[in-house]
file model.cif (mmCIF, C-alpha atoms and all ligand atoms)
data_input
#
loop_
_atom_site.label_atom_id
_atom_site.label_comp_id
_atom_site.auth_asym_id
_atom_site.auth_seq_id
_atom_site.Cartn_x
_atom_site.Cartn_y
_atom_site.Cartn_z
CA MET A 272 0.00 0.00 0.00
CA ALA A 273 1.29 3.46 -0.89
CA PRO A 274 2.38 5.56 2.10
CA GLY A 275 -0.33 8.09 3.02
CA LEU A 276 -0.15 11.82 3.59
CA ARG A 277 1.73 12.98 6.70
CA MET A 278 1.55 16.57 7.88
CA VAL A 279 4.98 17.52 9.21
CA ARG A 280 6.51 20.62 10.75
CA VAL A 281 9.54 22.37 9.33
CA ALA A 282 12.44 21.87 11.76
CA GLU A 283 15.02 23.91 9.84
CA HIS A 284 15.19 25.86 6.58
CA ARG A 285 18.54 27.10 5.32
CA ASP A 286 20.15 28.55 2.22
CA GLU A 287 22.70 26.34 0.48
CA SER A 288 23.35 28.86 -2.29
CA ARG A 289 21.55 31.79 -3.91
CA SER A 290 18.82 29.59 -5.41
CA VAL A 291 19.07 26.29 -3.48
CA LYS A 292 17.63 25.64 -0.04
CA THR A 293 17.45 22.71 2.34
CA MET A 294 14.32 22.06 4.39
CA ARG A 295 14.50 19.57 7.27
CA PHE A 296 11.37 18.19 8.91
CA GLN A 297 10.48 17.05 12.41
CA GLY A 298 10.22 13.26 12.59
CA ARG A 299 11.86 10.33 10.84
CA MET A 300 11.76 8.87 7.37
CA GLU A 301 13.78 5.86 6.31
CA ALA A 302 14.46 5.60 2.56
CA ARG A 303 17.02 4.38 0.05
CA PRO A 304 19.31 6.99 -1.57
CA GLY A 305 17.53 8.21 -4.70
CA GLN A 306 13.97 7.78 -3.40
CA PHE A 307 11.67 10.80 -3.37
CA VAL A 308 8.67 12.28 -1.58
CA MET A 309 5.68 14.29 -2.82
CA VAL A 310 5.70 17.64 -1.01
CA TRP A 311 2.35 19.42 -0.58
CA VAL A 312 2.33 23.13 0.13
CA PRO A 313 -1.31 23.60 1.22
CA GLY A 314 -3.24 25.87 -1.10
CA VAL A 315 -0.44 25.95 -3.68
CA ASP A 316 0.74 22.67 -5.22
CA GLU A 317 2.20 19.22 -4.65
CA PHE A 318 5.47 18.26 -6.35
CA PRO A 319 8.23 15.60 -6.20
CA MET A 320 11.48 16.14 -4.31
CA SER A 321 14.32 13.70 -3.67
CA LEU A 322 15.26 13.05 -0.08
CA SER A 323 18.60 14.75 0.54
CA HIS A 324 18.48 13.64 4.18
CA THR A 325 16.91 10.48 5.59
CA GLY A 326 16.36 9.16 9.11
CA GLU A 327 15.75 11.66 11.91
CA ARG A 328 14.98 15.19 10.68
CA PHE A 329 14.63 13.95 7.11
CA GLY A 330 14.84 16.63 4.46
CA ILE A 331 14.87 17.91 0.91
CA THR A 332 17.21 20.21 -1.00
CA TYR A 333 15.58 22.20 -3.75
CA GLN A 334 16.02 24.87 -6.37
CA VAL A 335 13.55 27.73 -6.25
CA LEU A 336 11.91 27.70 -9.69
CA GLY A 337 8.15 28.27 -10.01
CA ASP A 338 5.06 28.82 -7.83
CA GLY A 339 5.43 25.63 -5.75
CA THR A 340 9.06 26.02 -4.78
CA LYS A 341 8.66 29.81 -4.32
CA ALA A 342 5.86 29.17 -1.80
CA LEU A 343 7.98 26.49 -0.12
CA SER A 344 10.92 28.88 0.12
CA LYS A 345 8.84 31.30 2.23
CA LEU A 346 8.05 28.75 4.96
CA THR A 347 9.86 28.92 8.26
CA GLU A 348 10.48 26.72 11.30
CA GLY A 349 7.22 25.40 12.75
CA ASP A 350 5.22 25.77 9.50
CA VAL A 351 3.43 22.67 8.23
CA VAL A 352 3.69 20.85 4.88
CA GLY A 353 2.23 17.55 3.66
CA ILE A 354 4.55 14.71 2.76
CA ARG A 355 3.73 11.45 0.94
CA GLY A 356 6.36 8.80 0.45
CA PRO A 357 9.07 7.62 0.23
CA PHE A 358 8.39 6.56 -3.35
CA GLY A 359 10.25 5.05 -6.27
CA ARG A 360 13.27 2.92 -6.95
CA GLY A 361 16.48 4.36 -5.52
CA PHE A 362 20.12 3.72 -6.40
CA SER A 363 21.59 0.28 -5.81
CA GLU A 364 25.28 0.22 -4.93
CA ALA A 365 27.39 -2.19 -6.93
CA GLY A 366 31.16 -2.66 -6.91
CA LYS A 367 33.88 -1.17 -4.72
CA ARG A 368 35.03 1.96 -6.59
CA LEU A 369 32.18 4.27 -7.47
CA LEU A 370 32.10 7.46 -9.51
CA VAL A 371 29.17 9.74 -8.67
CA VAL A 372 28.52 12.64 -11.04
CA ALA A 373 26.17 15.34 -9.73
CA GLY A 374 25.15 18.43 -11.67
CA GLY A 375 23.55 21.37 -9.83
CA VAL A 376 20.75 20.28 -7.53
CA GLY A 377 21.37 16.70 -8.76
CA ILE A 378 23.47 16.47 -5.59
CA ALA A 379 20.20 16.21 -3.57
CA PRO A 380 19.61 12.48 -4.24
CA THR A 381 23.30 11.64 -4.74
CA ALA A 382 24.64 13.03 -1.41
CA PRO A 383 22.86 10.27 0.58
CA LEU A 384 24.28 7.74 -1.90
CA VAL A 385 27.82 9.11 -1.37
CA GLU A 386 27.36 8.87 2.40
CA ALA A 387 25.87 5.36 2.35
CA ALA A 388 28.58 4.05 0.00
CA THR A 389 31.49 5.52 1.97
CA LYS A 390 29.95 4.19 5.19
CA ALA A 391 29.82 0.75 3.56
CA GLY A 392 33.59 0.99 2.97
CA LYS A 393 33.49 1.76 -0.76
CA GLU A 394 35.89 4.16 -2.42
CA VAL A 395 33.75 6.98 -3.71
CA HIS A 396 34.80 9.75 -6.06
CA LEU A 397 32.28 12.55 -6.51
CA VAL A 398 32.31 14.95 -9.43
CA LEU A 399 30.37 17.94 -8.12
CA GLY A 400 29.42 20.29 -10.92
CA ALA A 401 27.77 23.71 -10.75
CA LYS A 402 27.50 26.85 -12.84
CA SER A 403 29.81 28.74 -10.48
CA ALA A 404 31.59 28.35 -7.12
CA GLU A 405 28.68 30.01 -5.25
CA GLU A 406 26.28 27.38 -6.60
CA LEU A 407 28.20 24.37 -5.23
CA VAL A 408 26.14 22.44 -2.70
CA PHE A 409 27.22 19.78 -0.16
CA GLU A 410 30.93 19.90 -1.06
CA LYS A 411 31.94 19.85 2.64
CA ARG A 412 29.26 17.32 3.58
CA CYS A 413 30.46 14.82 0.95
CA ALA A 414 34.16 15.39 1.69
CA GLU A 415 33.47 14.78 5.40
CA SER A 416 31.81 11.47 4.54
CA GLY A 417 35.19 10.31 3.21
CA ALA A 418 34.53 10.72 -0.53
CA ARG A 419 37.11 12.30 -2.86
CA VAL A 420 35.35 15.38 -4.16
CA HIS A 421 36.32 16.77 -7.58
CA VAL A 422 34.75 20.14 -8.33
CA SER A 423 33.83 21.51 -11.74
CA THR A 424 32.31 24.89 -12.51
CA ASP A 425 31.00 26.03 -15.89
CA ASP A 426 32.58 29.48 -15.46
CA GLY A 427 35.87 28.16 -14.05
CA SER A 428 35.45 30.00 -10.71
CA LYS A 429 36.49 26.83 -8.81
CA GLY A 430 38.10 23.52 -9.77
CA TYR A 431 37.92 22.18 -13.31
CA ALA A 432 36.64 24.78 -15.78
CA GLY A 433 33.84 23.23 -17.83
CA PHE A 434 31.06 20.70 -17.54
CA ALA A 435 31.01 17.92 -14.94
CA THR A 436 30.97 15.39 -17.80
CA GLY A 437 34.39 16.64 -19.02
CA LEU A 438 35.90 16.15 -15.57
CA ALA A 439 34.18 12.75 -15.16
CA SER A 440 35.54 11.67 -18.51
CA SER A 441 39.12 12.58 -17.57
CA LEU A 442 38.81 10.69 -14.24
CA LEU A 443 37.53 7.61 -16.09
CA GLU A 444 40.50 7.93 -18.47
CA LYS A 445 42.99 7.79 -15.56
CA ASP A 446 41.36 5.35 -13.15
CA ALA A 447 39.24 2.21 -13.14
CA PHE A 448 35.76 2.42 -11.60
CA ASP A 449 33.19 -0.32 -11.08
CA ALA A 450 30.09 1.80 -11.62
CA VAL A 451 28.89 5.33 -12.34
CA TYR A 452 25.90 7.09 -10.74
CA THR A 453 24.49 10.35 -11.95
CA CYS A 454 21.79 12.98 -11.49
CA GLY A 455 21.57 16.39 -13.11
CA PRO A 456 20.43 18.08 -16.31
CA GLU A 457 19.19 15.60 -18.90
CA ARG A 458 21.98 16.56 -21.33
CA MET A 459 24.47 15.60 -18.64
CA ILE A 460 22.78 12.21 -18.22
CA THR A 461 22.79 11.48 -21.97
CA THR A 462 26.46 12.50 -22.23
CA MET A 463 27.37 10.19 -19.31
CA MET A 464 25.42 7.40 -21.03
CA GLY A 465 27.63 7.73 -24.11
CA ILE A 466 30.82 7.72 -22.00
CA CYS A 467 29.73 4.69 -19.93
CA LYS A 468 28.52 2.75 -22.96
CA GLU A 469 31.88 3.21 -24.68
CA ARG A 470 33.68 2.00 -21.56
CA ARG A 471 31.15 -0.80 -20.89
CA LEU A 472 30.63 0.58 -17.41
CA PRO A 473 27.45 -0.04 -15.41
CA MET A 474 25.62 3.23 -14.83
CA GLN A 475 22.51 4.41 -13.02
CA ALA A 476 20.82 7.79 -13.42
CA SER A 477 17.97 9.51 -11.65
CA VAL A 478 15.52 10.96 -14.17
CA GLU A 479 12.97 13.76 -13.70
CA ARG A 480 9.54 14.15 -15.23
CA ILE A 481 6.44 16.13 -14.21
CA MET A 482 4.69 14.06 -11.51
CA LYS A 483 1.27 14.56 -10.03
CA CYS A 484 0.49 11.35 -8.14
CA GLY A 485 3.85 9.66 -7.45
CA ILE A 486 2.20 6.22 -7.44
CA GLY A 487 1.88 5.26 -11.12
CA VAL A 488 -1.72 6.33 -11.67
CA CYS A 489 -1.82 9.71 -13.42
CA ASP A 490 0.59 8.97 -16.30
CA SER A 491 2.17 12.46 -16.13
CA CYS A 492 5.66 10.98 -15.78
CA ALA A 493 5.25 8.44 -18.61
CA LEU A 494 8.56 7.90 -20.41
CA ASP A 495 8.50 5.47 -23.34
CA GLY A 496 6.05 3.15 -21.61
CA LYS A 497 7.53 3.39 -18.11
CA HIS A 498 6.37 5.43 -15.12
CA VAL A 499 9.31 7.40 -13.77
CA CYS A 500 7.60 7.54 -10.33
CA THR A 501 7.26 3.78 -9.79
CA ASP A 502 9.67 2.15 -12.30
CA GLY A 503 12.31 4.82 -11.49
CA PRO A 504 13.30 7.54 -10.89
CA VAL A 505 16.61 5.63 -10.96
CA PHE A 506 17.20 3.61 -14.13
CA GLY A 507 20.12 1.47 -15.27
CA LEU A 508 21.99 2.09 -18.54
CA ASP A 509 20.10 -0.64 -20.46
CA GLU A 510 16.77 0.93 -19.55
CA LEU A 511 18.00 4.47 -20.21
CA GLU A 512 19.15 3.45 -23.69
CA ARG A 513 15.66 2.23 -24.55
CA PHE A 514 14.14 5.65 -23.75
CA LYS A 515 13.83 7.37 -27.13
CA GLU A 516 12.35 10.47 -25.44
CA LEU A 517 15.27 10.96 -23.02
CA GLY A 518 17.05 14.25 -23.66
CA LYS A 519 14.49 15.13 -26.35
CA THR A 520 10.90 15.43 -25.11
CA ARG A 521 8.74 15.21 -22.02
CA LEU A 522 5.06 15.71 -21.12
CA ASP A 523 4.15 19.15 -19.78
CA ARG A 524 1.60 19.77 -17.02
CA THR A 525 -1.28 19.35 -19.49
CA GLY A 526 0.06 16.06 -20.83
CA ARG A 527 1.29 17.57 -24.10
CA LYS A 528 4.65 16.45 -25.46
CA THR A 529 7.20 19.30 -25.32
CA GLY A 530 10.86 19.61 -26.26
CA ILE A 531 13.53 19.59 -23.55
C1 LIG B 1 11.70 12.18 -8.75
C2 LIG B 1 12.00 13.66 -8.78
C3 LIG B 1 12.85 14.17 -7.83
C4 LIG B 1 13.12 15.53 -7.82
N1 LIG B 1 13.98 16.00 -6.89
C5 LIG B 1 14.28 17.30 -6.85
C6 LIG B 1 15.18 17.79 -5.89
O1 LIG B 1 15.70 17.06 -5.06
N2 LIG B 1 15.44 19.13 -5.90
C7 LIG B 1 14.88 19.98 -6.83
O2 LIG B 1 15.16 21.18 -6.79
N3 LIG B 1 14.02 19.53 -7.77
C8 LIG B 1 13.70 18.22 -7.80
N4 LIG B 1 12.82 17.76 -8.74
C9 LIG B 1 12.19 18.72 -9.67
C10 LIG B 1 11.04 19.43 -8.94
O3 LIG B 1 9.98 18.53 -8.74
C11 LIG B 1 10.55 20.63 -9.74
O4 LIG B 1 11.60 21.56 -9.87
C12 LIG B 1 9.40 21.30 -9.03
O5 LIG B 1 8.25 20.50 -9.12
C13 LIG B 1 9.10 22.65 -9.64
O6 LIG B 1 7.91 23.11 -9.09
P1 LIG B 1 7.50 24.64 -9.15
O7 LIG B 1 6.05 24.73 -8.82
O8 LIG B 1 8.42 25.46 -8.32
O9 LIG B 1 7.78 25.06 -10.62
P2 LIG B 1 6.85 24.86 -11.92
O10 LIG B 1 6.27 26.20 -12.21
O11 LIG B 1 5.94 23.72 -11.73
O12 LIG B 1 7.94 24.49 -12.95
C14 LIG B 1 9.11 25.28 -13.20
C15 LIG B 1 9.88 24.62 -14.33
O13 LIG B 1 10.33 23.31 -13.96
C16 LIG B 1 9.75 22.31 -14.79
N5 LIG B 1 9.36 21.18 -13.93
C17 LIG B 1 8.41 21.19 -12.99
N6 LIG B 1 8.32 20.00 -12.40
C18 LIG B 1 9.25 19.22 -12.98
C19 LIG B 1 9.62 17.88 -12.82
N7 LIG B 1 9.04 17.06 -11.94
N8 LIG B 1 10.60 17.39 -13.63
C20 LIG B 1 11.19 18.16 -14.53
N9 LIG B 1 10.88 19.47 -14.73
C21 LIG B 1 9.91 19.97 -13.97
C22 LIG B 1 8.54 22.96 -15.43
O14 LIG B 1 8.23 22.36 -16.67
C23 LIG B 1 9.01 24.39 -15.58
O15 LIG B 1 9.84 24.55 -16.71
C24 LIG B 1 12.53 16.39 -8.79
C25 LIG B 1 11.68 15.87 -9.75
C26 LIG B 1 11.42 14.51 -9.76
C27 LIG B 1 10.52 13.95 -10.79
#
call {"tool": "encode", "arguments": {"input": "model.cif", "output": "structure tokens", "more": "lines below"}}
Ligand SMILES: Cc1cc2nc3c(=O)[nH]c(=O)nc-3n(C[C@H](O)[C@H](O)[C@H](O)COP(=O)(O)OP(=O)(O)OC[C@H]3O[C@@H](n4cnc5c(N)ncnc54)[C@H](O)[C@@H]3O)c2cc1C
result
Amino acid sequence: MAPGLRMVRVAEHRDESRSVKTMRFQGRMEARPGQFVMVWVPGVDEFPMSLSHTGERFGITYQVLGDGTKALSKLTEGDVVGIRGPFGRGFSEAGKRLLVVAGGVGIAPTAPLVEAATKAGKEVHLVLGAKSAEELVFEKRCAESGARVHVSTDDGSKGYAGFATGLASSLLEKDAFDAVYTCGPERMITTMMGICKERRLPMQASVERIMKCGIGVCDSCALDGKHVCTDGPVFGLDELERFKELGKTRLDRTGRKTGI
């Protein structure tokens, strides 16, 4: 049975960067890295968010974009939101040396993965990509977990100058990894797919689509015959390769196909 709606109080709300915030909630939620919740801002909207923190004071890390996230960004400690979940298929850790590639707010579902994998004794390298140094999120958190963090910024203000995929590619050139995990802009995912396919490396990516129900009923997140909410949001390379719409189109809020 799908987990029902829980009304929870905001325990903490902090800025991670100019446009990214973390909201922690009172109470516990156990989930696998990569799983998500549906967040309901009463009177405004309900939308999917990955869990950036699990267990006690579980939480989300989000980019302020449209009406839903703008309303969320105004809430303060003690305010109440509705949460359904956890939902979806998360990441599954395979192998001993992992390369995690996170672009922008794609670090939200991958930070718990980095922490879980390092805790399990795996060697984890994280490529943390952002537009600029001020937009980097969870660099310290991931380094403290024991992962090797490699930073890339599009404008060259910190670390490697260029896209996270360029830095990931050069790391894969130098070192052997057992598996690659990624979340970020869809172009980043499709580029990583090409790199991993060429190297015959197992890869998993977390994919985003508009979601209204989160439980495989409304069809909003349909992607080439799969429901991203229940079959994903994490998919393996074989599945990703079968998605003809990936990187090209998605359904908008009205169910119409639109370009990405
Ligand atoms: C499984 C899953 C996990 C997610 N995790 C996170 C997360 O951890 N942090 C985070 O910042 N965002 C995450 N998102 C995206 C997040 O749900 C949207 O940014 C949010 O719904 C935007 O709502 P809004 O009302 O502020 O903006 P809207 O006005 O609804 O949309 C603003 C823009 O974002 C696009 N958009 C809206 N919803 C989605 C969506 N679900 N997928 C792709 N594009 C969308 C719209 O088409 C529009 O261009 C996740 C999405 C999914 C499917």
call {"tool": "residues_near_ligand", "arguments": {"input": "model.cif", "ligand": "ligand LIG 1 (chain B)", "cutoff": "8 Å", "atoms": "all atoms listed in the file", "output": "number ranges by chain"}}
result
A: 291, 306-308, 316-323, 331-342, 359, 376-380, 477-482, 492, 499-500, 503-504, 523-524
call {"tool": "atom_distance", "arguments": {"input": "model.cif", "atom1": "CA of Pro304 in chain A", "atom2": "CA of Ser416 in chain A"}}
result
14.6 Å
call {"tool": "closest_residue", "arguments": {"input": "model.cif", "among": "A:Arg289, A:Gln475, A:Pro357, A:Leu511", "to": "Thr381 in chain A", "atoms": "only C-alpha atoms"}}
result
A:Gln475
call {"tool": "residues_around", "arguments": {"input": "model.cif", "residues": "Ile354 in chain A", "least_positions_apart": "4", "cutoff": "6 Å", "atoms": "all atoms listed in the file", "output": "mmCIF file with C-alpha atoms, in the coordinates of the input"}}
result
data_model
loop_
_atom_site.group_PDB
_atom_site.id
_atom_site.type_symbol
_atom_site.label_atom_id
_atom_site.label_comp_id
_atom_site.auth_asym_id
_atom_site.auth_seq_id
_atom_site.Cartn_x
_atom_site.Cartn_y
_atom_site.Cartn_z
ATOM 1 C CA LEU A 276 -0.150 11.820 3.590
ATOM 2 C CA ARG A 277 1.730 12.980 6.700
ATOM 3 C CA MET A 309 5.680 14.290 -2.820
ATOM 4 C CA VAL A 310 5.700 17.640 -1.010
#
call {"tool": "closest_residue", "arguments": {"input": "model.cif", "among": "A:Ala404, A:Ala391, A:Met474, A:Cys467", "to": "Glu444 in chain A", "atoms": "all atoms listed in the file"}}
result
A:Cys467
call {"tool": "closest_residue", "arguments": {"input": "model.cif", "among": "A:Gly375, A:Gly427, A:Pro383, A:Gly275", "to": "Glu406 in chain A", "atoms": "all atoms listed in the file"}}
result
A:Gly375
call {"tool": "closest_residue", "arguments": {"input": "model.cif", "among": "A:Ala365, A:Met300, A:Arg513, A:Asp350", "to": "Pro313 in chain A", "atoms": "only C-alpha atoms"}}
result
A:Asp350
call {"tool": "residues_around", "arguments": {"input": "model.cif", "residues": "Leu443 in chain A", "least_positions_apart": "3", "cutoff": "9 Å", "atoms": "all atoms listed in the file", "output": "VMD selection string"}}
result
chain A and resid 370 438 to 440 446 to 448 466 470
call {"tool": "build_atoms", "arguments": {"input": "model.cif", "residues": "range 315-342 of chain A", "atoms": "N, CA and C atoms", "output": "compact mmCIF listing (two decimals), in the frame of the given file"}}
result
# COMPACT_ATOMS: atom_id res chain seq x y z
N VAL A 315 -1.30 25.57 -2.53
CA VAL A 315 -0.44 25.95 -3.68
C VAL A 315 -0.28 24.79 -4.65
N ASP A 316 0.45 23.77 -4.27
CA ASP A 316 0.74 22.67 -5.22
C ASP A 316 1.39 21.51 -4.47
N GLU A 317 1.45 20.38 -5.16
CA GLU A 317 2.20 19.22 -4.65
C GLU A 317 3.20 18.80 -5.72
N PHE A 318 4.44 18.56 -5.34
CA PHE A 318 5.47 18.26 -6.35
C PHE A 318 6.51 17.29 -5.78
N PRO A 319 7.25 16.59 -6.67
CA PRO A 319 8.23 15.60 -6.20
C PRO A 319 9.57 16.23 -5.80
N MET A 320 10.14 15.72 -4.74
CA MET A 320 11.48 16.14 -4.31
C MET A 320 12.24 14.93 -3.78
N SER A 321 13.48 14.78 -4.19
CA SER A 321 14.32 13.70 -3.67
C SER A 321 14.61 13.96 -2.21
N LEU A 322 14.86 12.89 -1.48
CA LEU A 322 15.26 13.05 -0.08
C LEU A 322 16.77 13.29 -0.05
N SER A 323 17.16 14.47 0.41
CA SER A 323 18.60 14.75 0.54
C SER A 323 19.09 14.33 1.91
N HIS A 324 18.16 14.11 2.83
CA HIS A 324 18.48 13.64 4.18
C HIS A 324 17.44 12.62 4.58
N THR A 325 17.86 11.50 5.13
CA THR A 325 16.91 10.48 5.59
C THR A 325 17.10 10.28 7.09
N GLY A 326 16.27 9.41 7.67
CA GLY A 326 16.36 9.16 9.11
C GLY A 326 15.72 10.29 9.88
N GLU A 327 16.30 10.60 11.07
CA GLU A 327 15.75 11.66 11.91
C GLU A 327 15.93 13.01 11.23
N ARG A 328 14.96 13.88 11.34
CA ARG A 328 14.98 15.19 10.68
C ARG A 328 15.29 15.02 9.18
N PHE A 329 14.46 14.18 8.55
CA PHE A 329 14.63 13.95 7.11
C PHE A 329 14.43 15.28 6.38
N GLY A 330 14.92 15.34 5.13
CA GLY A 330 14.84 16.63 4.46
C GLY A 330 15.00 16.58 2.95
N ILE A 331 14.75 17.75 2.36
CA ILE A 331 14.87 17.91 0.91
C ILE A 331 15.77 19.11 0.61
N THR A 332 16.35 19.10 -0.57
CA THR A 332 17.21 20.21 -1.00
C THR A 332 16.73 20.60 -2.39
N TYR A 333 16.31 21.85 -2.53
CA TYR A 333 15.58 22.20 -3.75
C TYR A 333 15.99 23.54 -4.33
N GLN A 334 15.77 23.63 -5.63
CA GLN A 334 16.02 24.87 -6.37
C GLN A 334 14.70 25.63 -6.44
N VAL A 335 14.76 26.91 -6.17
CA VAL A 335 13.55 27.73 -6.25
C VAL A 335 13.31 28.06 -7.72
N LEU A 336 12.17 27.55 -8.26
CA LEU A 336 11.91 27.70 -9.69
C LEU A 336 10.59 28.41 -9.98
N GLY A 337 9.48 27.73 -9.69
CA GLY A 337 8.15 28.27 -10.01
C GLY A 337 7.31 28.47 -8.76
N ASP A 338 5.98 28.50 -8.93
CA ASP A 338 5.06 28.82 -7.83
C ASP A 338 5.23 27.91 -6.61
N GLY A 339 5.35 26.58 -6.86
CA GLY A 339 5.43 25.63 -5.75
C GLY A 339 6.66 25.84 -4.90
N THR A 340 7.81 25.89 -5.54
CA THR A 340 9.06 26.02 -4.78
C THR A 340 9.22 27.44 -4.22
N LYS A 341 8.62 28.44 -4.88
CA LYS A 341 8.66 29.81 -4.32
C LYS A 341 7.87 29.85 -3.02
N ALA A 342 6.69 29.20 -3.02
CA ALA A 342 5.86 29.17 -1.80
C ALA A 342 6.60 28.39 -0.71
